[in-house]
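First the structure, in the form of structure tokens, and then the observations on it.
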There are 2 protein chains.
Amino acid sequence: MKAARFIGRKDIQILQIPEPELRPGAVAIDVAWCGICGTDLHEYLEGPIFIPPKGHPHPLSHEEQPVTIGHEMSGTVTALGDGVSDLTVGEAVVVEPYFVCGECAQCQAGRYNLCVKMGFIGLCGGGGGLSEKIVVDRRWVHPVGNIPLDQAALIEPLSVGHHAYKRSGAKAGQTALVGGAGPIGLLLAAVLKAEGLTVIVSELSEARKAKALSTGVADYVLDPSKDDVVARVGEITNGLGADVCFECSSVNAVLDQLFAAVKPGGVIVIVSIWSKPATIDVQALVLKEIDLRGTIAYANDHPAAIKLVQDGKVRLAPFITGKIALDELVDKGFDTLINHNETAVKILVHP
Amino acid sequence: MKAARFIGRKDIQILQIPEPELRPGAVAIDVAWCGICGTDLHEYLEGPIFIPPKGHPHPLSHEEQPVTIGHEMSGTVTALGDGVSDLTVGEAVVVEPYFVCGECAQCQAGRYNLCVKMGFIGLCGGGGGLSEKIVVDRRWVHPVGNIPLDQAALIEPLSVGHHAYKRSGAKAGQTALVGGAGPIGLLLAAVLKAEGLTVIVSELSEARKAKALSTGVADYVLDPSKDDVVARVGEITNGLGADVCFECSSVNAVLDQLFAAVKPGGVIVIVSIWSKPATIDVQALVLKEIDLRGTIAYANDHPAAIKLVQDGKVRLAPFITGKIALDELVDKGFDTLINHNETAVKILVHP
């Protein structure tokens with residue numbers, strides 16, 4: 001079968017590899033669609049980062065580069081391994097792409113995204129969504145019912161947004177400020193809106209501002225180059241400040257604005273991955289008793305994310321801005337996202 | 001009566017001023033003891049900071065400098081204003097030294113330490129503990145029963161420690177790492193120990209390390225100049241990391257160690273006041289899902305702090321390292337704390 005393989009930095013090739021074998025407790029899936037994630041771009045441009053380099057196999061997958069990539073996948077069940085009886089062949093599913101040990105304190109506490117050996121399928125081995133077929137342990141396969149398979153490929157980044165929402169402790173009726181409207185910022189805003197919050201998005205890019213408005217995920221869209229974001233948040237919240245803020249840009253100036261715009265006793269969640277340290281206003285953290293919380297990936301979020309879409313509370317179709325074939329992955333996928341990343345939200349690949 | 005008055009930076013004078021008048025709903029107190037706080041030193045050396053400067057009266061006290069200072073006070077009730085019937089003349093009390101508006105969202109939510117107009121008695125007006133007498137609204141007067149009045153003067157900083165403990169969400173049986181064993185770090189450690197945690201204190205100063213051990217508030221005392229703090233915390237916690245960490249030093253290198261030593265999913269509370277921004281390891285915050293929380297002063301903590309002392313779970317006497325008269329405030333009080341701050345923990349003033 002065909003698969004996109006990470007050979008090395010700036011060297012991803014579509015190669016013929018053997019089909020994966022079904023094993024007990026696992027599910028064989030024909031991949032329908034796989035989204036390209038910012039993480040994939042980072043691996044392509046600067047990797048290996050999450051991908052285990054040669055000589056350093058992942059402790060759970062025991063694989064090292066080259067590996068098959070792609071972790072935002074949807075597909076159809078084609079076969080069930082021994083012991084799997086609660087899915088049916090032909091059923092539409094998505095994959096929660098994890099390796100976890102199941103034994104460490106975090107796994108035991110249900111926070112398996114913090115597993116000491118945590119790795120991602122599609123980065124650390126185990127095949128990937130940018131290939132025709134994959135075999136995944138039953139635990140990580142979630143049925144999606146009647147959600148169209150192209151939209152279902154966005155359940156994975158939507159689950160990232162749902163986990164950030166859960167980490168914030170936000171409640172219906174509160175006001176959220178989202179700093180940065182890239183794919184994760186937009187999908188997080190969609191979750192917040194669906195959960196009954198007033199959503200303010202702060203974003204520089206015209207295309208992303210337009211998307212935040214046209215998709216209806218933002219009640220207010222502010223431009224920090226034109227608007228006084230802190231003053232506007234104050235107006236919108238009757239002088240109280242935002243209940244919860246989300247940093248989705250990896251930009252320190254954005255984080256600074258969140259510290260100023262959050263209410264006393266409020267919460268700021270950092271959702272983005274930073275490649276350098278951040279400078280924070282400790283005085284504000286202390287005097288306003290701010291909670292600054294990290295969030296990574298998801299844990300027990302997929303069912304809730306799927307339900308938001310099934311219930312019509314989140315519409316995923318508007319976030320799909322491109323569909324390409326596997327052979328076009330680098331030319332039309334990565335290059336578009338790297339060079340025109342403001343207009344593209346989510347590009348799906350059909351293997 | 002005599003009172004210590006903040007005239008200006010490095011100008012605190014013991015002056016004769018009129019006695020305060022009793023008013024309805026308030027309590028007249030003869031001050032027994034008043035501790036000198038780090039905040040008082042900051043005002044003396046660099047103020048006015050919290051003290052309202054000339055021309056900028058505090059919105060609730062309507063006072064500006066010169067003001068009477070001192071906010072860590074104990075004393076004896078001498079008279080009760082109209083409407084106060086639940087205290088008795090002669091009763092031993094401490095003061096929770098607040099001005100709050102009672103109307104803002106934070107006051108309404110019970111987080112009155114975050115009141116938009118919050119000020120401190122003894123800094124922002126309303127008299128202070130470094131004077132013979134004070135009149136305080138009933139709400140802020142807490143009976144201390146049979147706690148000796150000298151020890152009772154430490155209820156205020158103990159309440160700061162109790163609030164930091166509450167902010168952390170720490171539970172009995174967990175392990176806490178306290179970075180810095182100044183007065184607040186030591187009293188916080190005392191609360192943590194009393195609440196059933198294993199307490200690790202990290203501190204450079206020999207005198208403070210000795211105090212952390214001799215008072216029994218620390219199970220382990222580490223010296224970051226000699227010990228690999230992160231490795232030692234790992235050994236003590238069976239490789240898990242500290243459940244909760246407390247930054248009590250205003251030193252970035254200490255905060256960095258807490259980020260490395262805290263467990264995945266753990267909590268770091270910043271207790272100290274920083275005069276500059278901090279640099280933080282965002283990657284660790286995100287990948288370990290750390291909660292970084294600010295804490296300021298106290299809210300509804302005094303009763304619990306008093307009970308810890310009454311129940312014998314916290315012993316305050318060992319933290320009293322000096323007792324002086326009001327006339328000695330600057331010479332023997334401030335100068336000792338500024339020039340020999342490692343051996344002195346809490347100096348009490350008897351007005």
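Labels for the structure tokens follow display order: chains A, B, ..., residues from 1 in each chain, ligands from 1.
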
Can you write out as JSON lines which residues of chain B fall within 10 Å of chain A, alongside each residue's closest atom pair and its distance in Å to one decimal, counting only C-alpha atoms and ordering rows by chain and ascending residue number?
```
{"residue": "B:Cys104", "atom": "CA", "partner": "A:Leu240", "partner_atom": "CA", "distance": 8.9}
{"residue": "B:Ala105", "atom": "CA", "partner": "A:Leu240", "partner_atom": "CA", "distance": 7.5}
{"residue": "B:Gln106", "atom": "CA", "partner": "A:Pro264", "partner_atom": "CA", "distance": 7.4}
{"residue": "B:Arg111", "atom": "CA", "partner": "A:Gly265", "partner_atom": "CA", "distance": 8.0}
{"residue": "B:Asn113", "atom": "CA", "partner": "A:Leu287", "partner_atom": "CA", "distance": 8.8}
{"residue": "B:Leu114", "atom": "CA", "partner": "A:Pro264", "partner_atom": "CA", "distance": 6.3}
{"residue": "B:Cys115", "atom": "CA", "partner": "A:Pro264", "partner_atom": "CA", "distance": 8.4}
{"residue": "B:Val116", "atom": "CA", "partner": "A:Pro264", "partner_atom": "CA", "distance": 8.5}
{"residue": "B:Arg167", "atom": "CA", "partner": "A:Glu289", "partner_atom": "CA", "distance": 8.9}
{"residue": "B:Leu240", "atom": "CA", "partner": "A:Ala105", "partner_atom": "CA", "distance": 7.5}
{"residue": "B:Ser250", "atom": "CA", "partner": "A:Val282", "partner_atom": "CA", "distance": 9.5}
{"residue": "B:Lys263", "atom": "CA", "partner": "A:Gln106", "partner_atom": "CA", "distance": 9.3}
{"residue": "B:Pro264", "atom": "CA", "partner": "A:Leu114", "partner_atom": "CA", "distance": 6.3}
{"residue": "B:Gly265", "atom": "CA", "partner": "A:Leu114", "partner_atom": "CA", "distance": 7.4}
{"residue": "B:Val267", "atom": "CA", "partner": "A:Arg293", "partner_atom": "CA", "distance": 9.2}
{"residue": "B:Ile268", "atom": "CA", "partner": "A:Leu292", "partner_atom": "CA", "distance": 9.7}
{"residue": "B:Val269", "atom": "CA", "partner": "A:Val286", "partner_atom": "CA", "distance": 9.0}
{"residue": "B:Ile270", "atom": "CA", "partner": "A:Val286", "partner_atom": "CA", "distance": 6.7}
{"residue": "B:Val271", "atom": "CA", "partner": "A:Val286", "partner_atom": "CA", "distance": 7.1}
{"residue": "B:Ser272", "atom": "CA", "partner": "A:Val286", "partner_atom": "CA", "distance": 7.9}
{"residue": "B:Ile273", "atom": "CA", "partner": "A:Gln283", "partner_atom": "CA", "distance": 6.6}
{"residue": "B:Trp274", "atom": "CA", "partner": "A:Gln283", "partner_atom": "CA", "distance": 6.1}
{"residue": "B:Ser275", "atom": "CA", "partner": "A:Gln283", "partner_atom": "CA", "distance": 7.3}
{"residue": "B:Lys276", "atom": "CA", "partner": "A:Val282", "partner_atom": "CA", "distance": 7.4}
{"residue": "B:Pro277", "atom": "CA", "partner": "A:Asp281", "partner_atom": "CA", "distance": 4.9}
{"residue": "B:Ala278", "atom": "CA", "partner": "A:Ile280", "partner_atom": "CA", "distance": 5.4}
{"residue": "B:Thr279", "atom": "CA", "partner": "A:Thr279", "partner_atom": "CA", "distance": 4.4}
{"residue": "B:Ile280", "atom": "CA", "partner": "A:Ala278", "partner_atom": "CA", "distance": 5.4}
{"residue": "B:Asp281", "atom": "CA", "partner": "A:Pro277", "partner_atom": "CA", "distance": 4.9}
{"residue": "B:Val282", "atom": "CA", "partner": "A:Pro277", "partner_atom": "CA", "distance": 5.6}
{"residue": "B:Gln283", "atom": "CA", "partner": "A:Trp274", "partner_atom": "CA", "distance": 6.0}
{"residue": "B:Ala284", "atom": "CA", "partner": "A:Gly294", "partner_atom": "CA", "distance": 8.2}
{"residue": "B:Leu285", "atom": "CA", "partner": "A:Gly294", "partner_atom": "CA", "distance": 5.0}
{"residue": "B:Val286", "atom": "CA", "partner": "A:Gly294", "partner_atom": "CA", "distance": 3.9}
{"residue": "B:Leu287", "atom": "CA", "partner": "A:Ile296", "partner_atom": "CA", "distance": 5.7}
{"residue": "B:Lys288", "atom": "CA", "partner": "A:Leu114", "partner_atom": "CA", "distance": 6.3}
{"residue": "B:Glu289", "atom": "CA", "partner": "A:Gly294", "partner_atom": "CA", "distance": 4.3}
{"residue": "B:Ile290", "atom": "CA", "partner": "A:Gly294", "partner_atom": "CA", "distance": 5.5}
{"residue": "B:Asp291", "atom": "CA", "partner": "A:Arg293", "partner_atom": "CA", "distance": 4.5}
{"residue": "B:Leu292", "atom": "CA", "partner": "A:Leu292", "partner_atom": "CA", "distance": 5.0}
{"residue": "B:Arg293", "atom": "CA", "partner": "A:Asp291", "partner_atom": "CA", "distance": 4.5}
{"residue": "B:Gly294", "atom": "CA", "partner": "A:Val286", "partner_atom": "CA", "distance": 4.0}
{"residue": "B:Thr295", "atom": "CA", "partner": "A:Glu289", "partner_atom": "CA", "distance": 5.2}
{"residue": "B:Ile296", "atom": "CA", "partner": "A:Leu287", "partner_atom": "CA", "distance": 5.8}
{"residue": "B:Ala297", "atom": "CA", "partner": "A:Leu287", "partner_atom": "CA", "distance": 8.9}
```

Q: Go through range 8-204 of chain A and collect every residue that DSSP, computed from the backbone, puts in strand (DSSP E or B); the answer should be as a VMD selection string.
A: chain A and resid 8 11 to 16 26 to 35 67 to 68 72 to 80 92 to 95 98 to 99 119 to 120 131 133 to 137 141 to 143 175 to 179 198 to 202

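Proximity ranking of A:Ile320, A:Val67, A:Ala210, A:Leu348 relative to Leu123 in chain A places A:Val67 first, based on only C-alpha atoms.
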
Q. Can you tell me, as an MDAnalysis selection string, what residues are no more than 12 Å from Pro97 in chain B when counting only C-alpha atoms, ignoring any on the same chain fewer than 5 positions away?
A. chainID B and resid 34 69:74 113 118:129 134:142 155:157 159 297:299 302

Q: Step one, run DSSP on the backbone; step two, keep only residues of range 213-308 of chain B assigned to alpha helix (DSSP H); then write them as an MDAnalysis selection string.
A: chainID B and resid 213:214 229:236 252:261 282:287 302:308

Next, the residues of the selection above should be written as an mmCIF file, in the first residue's frame with C-alpha atoms.
```
data_model
loop_
_atom_site.group_PDB
_atom_site.id
_atom_site.type_symbol
_atom_site.label_atom_id
_atom_site.label_comp_id
_atom_site.auth_asym_id
_atom_site.auth_seq_id
_atom_site.Cartn_x
_atom_site.Cartn_y
_atom_site.Cartn_z
ATOM 1 C CA LEU B 213 14.662 21.782 60.548
ATOM 2 C CA SER B 214 14.530 22.924 64.190
ATOM 3 C CA VAL B 229 17.062 19.535 43.983
ATOM 4 C CA VAL B 230 15.157 17.977 41.072
ATOM 5 C CA ALA B 231 16.909 14.627 41.458
ATOM 6 C CA ARG B 232 16.397 14.615 45.231
ATOM 7 C CA VAL B 233 12.684 15.414 44.850
ATOM 8 C CA GLY B 234 12.502 12.544 42.372
ATOM 9 C CA GLU B 235 14.082 10.176 44.924
ATOM 10 C CA ILE B 236 11.769 11.321 47.710
ATOM 11 C CA ASN B 252 13.790 32.945 38.672
ATOM 12 C CA ALA B 253 16.249 30.078 39.147
ATOM 13 C CA VAL B 254 14.059 28.793 41.984
ATOM 14 C CA LEU B 255 10.958 28.985 39.778
ATOM 15 C CA ASP B 256 12.840 27.057 37.072
ATOM 16 C CA GLN B 257 13.579 24.275 39.573
ATOM 17 C CA LEU B 258 9.926 24.069 40.549
ATOM 18 C CA PHE B 259 8.961 23.635 36.871
ATOM 19 C CA ALA B 260 11.422 20.741 36.637
ATOM 20 C CA ALA B 261 10.521 19.171 39.999
ATOM 21 C CA VAL B 282 6.266 27.174 28.455
ATOM 22 C CA GLN B 283 7.146 23.821 26.904
ATOM 23 C CA ALA B 284 7.098 22.236 30.372
ATOM 24 C CA LEU B 285 3.920 24.117 31.306
ATOM 25 C CA VAL B 286 2.180 22.695 28.220
ATOM 26 C CA LEU B 287 3.612 19.168 28.001
ATOM 27 C CA HIS B 302 -7.992 33.618 59.461
ATOM 28 C CA PRO B 303 -10.405 31.242 61.257
ATOM 29 C CA ALA B 304 -8.617 28.176 59.843
ATOM 30 C CA ALA B 305 -5.181 29.610 60.657
ATOM 31 C CA ILE B 306 -6.285 30.377 64.227
ATOM 32 C CA LYS B 307 -7.655 26.840 64.623
ATOM 33 C CA LEU B 308 -4.377 25.277 63.446
#
```

Q.
Show me, as an MDAnalysis selection string, the residues that have an atom within 9 Å of Glu43 in chain A when counting only C-alpha atoms, minus same-chain residues fewer than 3 positions from it.
A. chainID A and resid 6 8:10 38:40 46:51 123

Any chance you could export the current selection's all heavy atoms as a compact mmCIF listing (two decimals), in the first residue's frame?
```txt
# COMPACT_ATOMS: atom_id res chain seq x y z
N PHE A 6 8.25 9.64 6.71
CA PHE A 6 9.24 10.63 7.11
C PHE A 6 10.61 9.96 7.06
O PHE A 6 10.95 9.12 7.88
CB PHE A 6 8.95 11.12 8.54
CG PHE A 6 9.95 12.14 9.04
CD1 PHE A 6 9.74 13.50 8.86
CD2 PHE A 6 11.12 11.74 9.70
CE1 PHE A 6 10.66 14.44 9.33
CE2 PHE A 6 12.05 12.66 10.16
CZ PHE A 6 11.82 14.02 9.98
N GLY A 8 13.51 11.92 6.62
CA GLY A 8 14.39 12.85 7.32
C GLY A 8 13.85 14.25 7.12
O GLY A 8 12.84 14.45 6.43
N ARG A 9 14.52 15.23 7.70
CA ARG A 9 14.06 16.61 7.58
C ARG A 9 13.92 17.01 6.11
O ARG A 9 14.82 16.76 5.31
CB ARG A 9 15.05 17.54 8.29
CG ARG A 9 14.56 18.96 8.44
CD ARG A 9 15.56 19.79 9.24
NE ARG A 9 15.76 19.22 10.57
CZ ARG A 9 16.66 19.65 11.45
NH1 ARG A 9 17.46 20.66 11.13
NH2 ARG A 9 16.78 19.07 12.63
N LYS A 10 12.76 17.62 5.78
CA LYS A 10 12.44 18.04 4.41
C LYS A 10 12.52 16.89 3.41
O LYS A 10 12.76 17.10 2.22
CB LYS A 10 13.35 19.20 3.97
CG LYS A 10 13.08 20.45 4.81
CD LYS A 10 13.71 21.69 4.23
CE LYS A 10 13.40 22.88 5.13
NZ LYS A 10 14.21 24.05 4.81
N GLY A 38 -0.20 21.13 12.12
CA GLY A 38 0.98 21.96 12.31
C GLY A 38 2.17 21.16 12.80
O GLY A 38 3.32 21.44 12.44
N THR A 39 1.89 20.13 13.58
CA THR A 39 2.97 19.27 14.07
C THR A 39 3.68 18.58 12.91
O THR A 39 4.91 18.44 12.91
CB THR A 39 2.39 18.22 15.05
OG1 THR A 39 1.69 18.91 16.07
CG2 THR A 39 3.50 17.39 15.66
N ASP A 40 2.89 18.14 11.90
CA ASP A 40 3.50 17.51 10.73
C ASP A 40 4.43 18.49 10.02
O ASP A 40 5.52 18.12 9.56
CB ASP A 40 2.42 17.03 9.76
CG ASP A 40 1.47 16.01 10.38
OD1 ASP A 40 1.96 15.14 11.12
OD2 ASP A 40 0.26 16.10 10.11
N GLU A 46 11.65 20.96 10.64
CA GLU A 46 12.67 21.02 11.70
C GLU A 46 12.91 19.68 12.38
O GLU A 46 13.69 19.58 13.32
CB GLU A 46 12.24 22.03 12.78
CG GLU A 46 11.97 23.43 12.26
CD GLU A 46 11.10 24.23 13.23
OE1 GLU A 46 11.16 23.97 14.44
OE2 GLU A 46 10.36 25.12 12.76
N GLY A 47 12.17 18.64 11.94
CA GLY A 47 12.20 17.35 12.63
C GLY A 47 13.50 16.59 12.46
O GLY A 47 14.39 17.05 11.74
N PRO A 48 13.66 15.44 13.11
CA PRO A 48 12.63 14.83 13.94
C PRO A 48 12.51 15.49 15.33
O PRO A 48 13.51 15.79 15.95
CB PRO A 48 13.13 13.38 14.10
CG PRO A 48 14.61 13.47 13.95
CD PRO A 48 14.86 14.60 13.00
N ILE A 49 11.24 15.75 15.72
CA ILE A 49 10.96 16.33 17.03
C ILE A 49 10.27 15.26 17.89
O ILE A 49 10.89 14.67 18.76
CB ILE A 49 10.09 17.60 16.90
CG1 ILE A 49 10.78 18.63 15.98
CG2 ILE A 49 9.82 18.19 18.28
CD1 ILE A 49 9.86 19.74 15.49
N PHE A 50 8.97 15.00 17.57
CA PHE A 50 8.29 13.87 18.23
C PHE A 50 8.72 12.53 17.60
O PHE A 50 8.71 11.50 18.25
CB PHE A 50 6.77 14.01 18.10
CG PHE A 50 6.16 15.01 19.04
CD1 PHE A 50 5.75 16.25 18.58
CD2 PHE A 50 5.99 14.72 20.38
CE1 PHE A 50 5.17 17.18 19.45
CE2 PHE A 50 5.42 15.63 21.25
CZ PHE A 50 5.02 16.87 20.78
N ILE A 51 9.04 12.58 16.32
CA ILE A 51 9.45 11.35 15.62
C ILE A 51 10.74 10.81 16.25
O ILE A 51 11.69 11.57 16.45
CB ILE A 51 9.65 11.65 14.11
CG1 ILE A 51 8.29 11.92 13.46
CG2 ILE A 51 10.39 10.50 13.42
CD1 ILE A 51 8.36 12.39 12.01
N LEU A 123 3.36 9.58 14.35
CA LEU A 123 4.60 10.34 14.58
C LEU A 123 5.65 9.40 15.16
O LEU A 123 6.82 9.44 14.77
CB LEU A 123 4.37 11.50 15.55
CG LEU A 123 3.61 12.71 15.01
CD1 LEU A 123 3.11 13.59 16.14
CD2 LEU A 123 4.49 13.53 14.06
```

**Q.** Exercise: range 90-93 of chain B partners within 8 Å, only C-alpha atoms, chain neighbours under 6 positions left out, as an MDAnalysis selection string
**A.** chainID B and resid 74:78 141:146 149 152

Q. To one decimal place, how far is CA of Leu41 in chain B from CA of Phe334 in chain B in Å?
A. 6.6 Å

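One distance worth recording is that between CA of Ala32 in chain A and CA of Asp301 in chain A, which is 21.7 Å.
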
Q) What is the CA of Asp219 in chain B-CA of His163 in chain B distance in Å, reported with one decimal? A) 21.2 Å

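Among the candidates B:Leu158, B:Lys133, B:Cys245, B:Ser202, the one nearest to Asp228 in chain B when counting only C-alpha atoms is B:Ser202.
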